[in-house]
Each structure stands twice: as structure tokens, then as C-alpha cells.
>>> print(open('final_14.cif').read())   # mmCIF, C-alpha atoms
data_start
loop_
_atom_site.label_atom_id
_atom_site.label_comp_id
_atom_site.auth_asym_id
_atom_site.auth_seq_id
_atom_site.Cartn_x
_atom_site.Cartn_y
_atom_site.Cartn_z
CA VAL A 1 -14.92 -15.52 2.37
CA ARG A 2 -13.19 -17.92 -0.02
CA SER A 3 -12.65 -20.43 2.79
CA ILE A 4 -16.33 -20.23 3.76
CA VAL A 5 -17.46 -20.70 0.15
CA GLY A 6 -15.10 -23.64 -0.37
CA THR A 7 -16.29 -25.29 2.83
CA LEU A 8 -19.97 -24.84 1.96
CA LEU A 9 -19.37 -26.27 -1.51
CA GLU A 10 -17.87 -29.38 0.10
CA VAL A 11 -20.86 -29.66 2.44
CA GLY A 12 -23.17 -29.45 -0.58
CA ARG A 13 -21.21 -32.25 -2.27
CA GLU A 14 -21.43 -34.23 1.00
CA GLU A 15 -17.62 -34.26 1.31
CA LYS A 16 -17.80 -32.38 4.65
CA SER A 17 -20.46 -32.57 7.34
CA VAL A 18 -22.26 -29.83 9.21
CA ALA A 19 -20.39 -31.07 12.28
CA ASP A 20 -17.09 -30.33 10.48
CA VAL A 21 -18.25 -26.77 9.81
CA HIS A 22 -19.26 -26.39 13.45
CA GLN A 23 -15.84 -27.64 14.60
CA ALA A 24 -14.07 -25.26 12.21
CA ILE A 25 -16.02 -22.30 13.59
CA ILE A 26 -15.70 -23.25 17.26
CA THR A 27 -12.02 -24.20 17.21
CA GLY A 28 -10.75 -21.97 14.41
CA ASP A 29 -8.83 -25.01 13.16
CA LYS A 30 -8.62 -25.03 9.36
CA LYS A 31 -8.25 -28.82 9.25
CA PHE A 32 -12.05 -28.99 9.64
CA ALA A 33 -12.67 -26.48 6.85
CA GLY A 34 -12.82 -27.23 3.15
CA ALA A 35 -10.48 -26.09 0.43
CA THR A 36 -10.26 -22.38 -0.33
CA ALA A 37 -12.49 -21.52 -3.29
CA SER A 38 -11.02 -19.99 -6.41
CA PRO A 39 -11.44 -16.20 -6.60
CA HIS A 40 -12.68 -16.54 -10.18
CA GLY A 41 -16.39 -15.78 -10.22
CA LEU A 42 -16.61 -14.54 -6.63
CA THR A 43 -17.84 -10.96 -6.44
CA LEU A 44 -18.71 -8.88 -3.39
CA LEU A 45 -21.94 -7.10 -4.29
CA LYS A 46 -22.87 -5.25 -1.14
CA VAL A 47 -21.70 -4.53 2.40
CA HIS A 48 -24.28 -3.49 4.97
CA TYR A 49 -23.36 -1.98 8.32
CA ASP A 50 -25.89 -1.44 11.12
#
>>> encode(input="final_14.cif", output="C-alpha cells")
Amino acid sequence: VRSIVGTLLEVGREEKSVADVHQAIITGDKKFAGATASPHGLTLLKVHYD
């Protein structure tokens, strides 16, 4: 989760592109992902299972 949040923050700041996110997901290669976000302030509120 922290890696996803960090990557999306970088996309929002236009430091990473949507194509970088796509490559990270498809290849699993962390070089395309952003920095891992700090755990401070991140809270899991709910988990839903179908």
C-alpha cells in the first residue's frame, strides 16, 4: 500500500507518468514505481471481502 501511495503522489506531482505506473504493474519492476510513502498518517479504515 505504501508503494502505491508513494507512486500515486509522484504521478500527482507530475514526477512519474501513468505509463510508468502501467509498467510497474505489468512488469512488477520497482524501478518504475515511486518512493515508498511514509507510514505516518496512513490508516487502513476498512477491508471488504466479496
>>> atom_distance(input="final_14.cif", atom1="atom CA of A:Asp29", atom2="atom CA of A:Leu9")
18.1 Å
>>> atom_distance(input="final_14.cif", atom1="atom CA of A:Ser38", atom2="atom CA of A:His22")
22.4 Å
>>> atom_distance(input="final_14.cif", atom1="atom CA of A:Gly41", atom2="atom CA of A:Glu10")
17.1 Å
>>> closest_residue(input="final_14.cif", among="A:Val18, A:Pro39, A:Gly34, A:Tyr49", to="A:Ser3", atoms="only C-alpha atoms")
A:Gly34
>>> residues_around(input="final_14.cif", residues="A:Thr7", least_positions_apart="3", cutoff="10 Å", atoms="all atoms listed in the file", output="mmCIF file with C-alpha atoms, keeping the file's coordinate frame")
data_model
loop_
_atom_site.group_PDB
_atom_site.id
_atom_site.type_symbol
_atom_site.label_atom_id
_atom_site.label_comp_id
_atom_site.auth_asym_id
_atom_site.auth_seq_id
_atom_site.Cartn_x
_atom_site.Cartn_y
_atom_site.Cartn_z
ATOM 1 C CA VAL A 1 -14.920 -15.520 2.370
ATOM 2 C CA ARG A 2 -13.190 -17.920 -0.020
ATOM 3 C CA SER A 3 -12.650 -20.430 2.790
ATOM 4 C CA ILE A 4 -16.330 -20.230 3.760
ATOM 5 C CA GLU A 10 -17.870 -29.380 0.100
ATOM 6 C CA VAL A 11 -20.860 -29.660 2.440
ATOM 7 C CA GLY A 12 -23.170 -29.450 -0.580
ATOM 8 C CA ARG A 13 -21.210 -32.250 -2.270
ATOM 9 C CA GLU A 15 -17.620 -34.260 1.310
ATOM 10 C CA LYS A 16 -17.800 -32.380 4.650
ATOM 11 C CA SER A 17 -20.460 -32.570 7.340
ATOM 12 C CA VAL A 18 -22.260 -29.830 9.210
ATOM 13 C CA ASP A 20 -17.090 -30.330 10.480
ATOM 14 C CA VAL A 21 -18.250 -26.770 9.810
ATOM 15 C CA ALA A 24 -14.070 -25.260 12.210
ATOM 16 C CA PHE A 32 -12.050 -28.990 9.640
ATOM 17 C CA ALA A 33 -12.670 -26.480 6.850
ATOM 18 C CA GLY A 34 -12.820 -27.230 3.150
ATOM 19 C CA ALA A 35 -10.480 -26.090 0.430
ATOM 20 C CA THR A 36 -10.260 -22.380 -0.330
ATOM 21 C CA ALA A 37 -12.490 -21.520 -3.290
#
>>> axis_aligned_box(input="final_14.cif", around="stretch 19-32 of chain A", padding_each_side="5 Å", output="lines of an AutoDock Vina configuration file")
center_x = -14.3
center_y = -26.5
center_z = 13.3
size_x = 22.1
size_y = 19.1
size_z = 18.0
>>> build_atoms(input="final_14.cif", residues="stretch 29-50 of chain A", atoms="N, CA and C atoms", output="tab-separated table (two decimals), in the frame of the given file")
chain	number	residue	atom	x	y	z
A	29	ASP	N	-9.80	-24.11	13.77
A	29	ASP	CA	-8.83	-25.01	13.16
A	29	ASP	C	-9.21	-25.28	11.71
A	30	LYS	N	-8.33	-24.90	10.79
A	30	LYS	CA	-8.62	-25.03	9.36
A	30	LYS	C	-8.66	-26.47	8.87
A	31	LYS	N	-8.21	-27.42	9.69
A	31	LYS	CA	-8.25	-28.82	9.25
A	31	LYS	C	-9.70	-29.30	9.11
A	32	PHE	N	-10.64	-28.63	9.75
A	32	PHE	CA	-12.05	-28.99	9.64
A	32	PHE	C	-12.73	-28.27	8.47
A	33	ALA	N	-12.09	-27.25	7.94
A	33	ALA	CA	-12.67	-26.48	6.85
A	33	ALA	C	-12.34	-27.13	5.51
A	34	GLY	N	-13.07	-26.72	4.49
A	34	GLY	CA	-12.82	-27.23	3.15
A	34	GLY	C	-11.71	-26.45	2.47
A	35	ALA	N	-11.49	-26.78	1.22
A	35	ALA	CA	-10.48	-26.09	0.43
A	35	ALA	C	-10.92	-24.65	0.17
A	36	THR	N	-9.96	-23.77	0.00
A	36	THR	CA	-10.26	-22.38	-0.33
A	36	THR	C	-10.77	-22.31	-1.76
A	37	ALA	N	-11.90	-21.64	-1.95
A	37	ALA	CA	-12.49	-21.52	-3.29
A	37	ALA	C	-11.66	-20.60	-4.16
A	38	SER	N	-11.70	-20.84	-5.44
A	38	SER	CA	-11.02	-19.99	-6.41
A	38	SER	C	-11.66	-18.60	-6.40
A	39	PRO	N	-10.85	-17.54	-6.57
A	39	PRO	CA	-11.44	-16.20	-6.60
A	39	PRO	C	-12.21	-15.92	-7.88
A	40	HIS	N	-12.00	-16.74	-8.90
A	40	HIS	CA	-12.68	-16.54	-10.18
A	40	HIS	C	-14.19	-16.72	-10.00
A	41	GLY	N	-14.94	-15.71	-10.32
A	41	GLY	CA	-16.39	-15.78	-10.22
A	41	GLY	C	-16.96	-15.30	-8.90
A	42	LEU	N	-16.12	-15.06	-7.91
A	42	LEU	CA	-16.61	-14.54	-6.63
A	42	LEU	C	-16.59	-13.02	-6.66
A	43	THR	N	-17.73	-12.42	-6.40
A	43	THR	CA	-17.84	-10.96	-6.44
A	43	THR	C	-18.59	-10.47	-5.21
A	44	LEU	N	-18.04	-9.50	-4.53
A	44	LEU	CA	-18.71	-8.88	-3.39
A	44	LEU	C	-19.66	-7.82	-3.95
A	45	LEU	N	-20.95	-8.01	-3.73
A	45	LEU	CA	-21.94	-7.10	-4.29
A	45	LEU	C	-22.34	-5.98	-3.35
A	46	LYS	N	-22.38	-6.26	-2.06
A	46	LYS	CA	-22.87	-5.25	-1.14
A	46	LYS	C	-22.34	-5.51	0.27
A	47	VAL	N	-22.06	-4.45	0.99
A	47	VAL	CA	-21.70	-4.53	2.40
A	47	VAL	C	-22.70	-3.67	3.15
A	48	HIS	N	-23.28	-4.23	4.19
A	48	HIS	CA	-24.28	-3.49	4.97
A	48	HIS	C	-23.80	-3.40	6.42
A	49	TYR	N	-23.73	-2.21	6.93
A	49	TYR	CA	-23.36	-1.98	8.32
A	49	TYR	C	-24.56	-1.45	9.07
A	50	ASP	N	-24.79	-1.95	10.28
A	50	ASP	CA	-25.89	-1.44	11.12
A	50	ASP	C	-25.41	-0.29	11.96
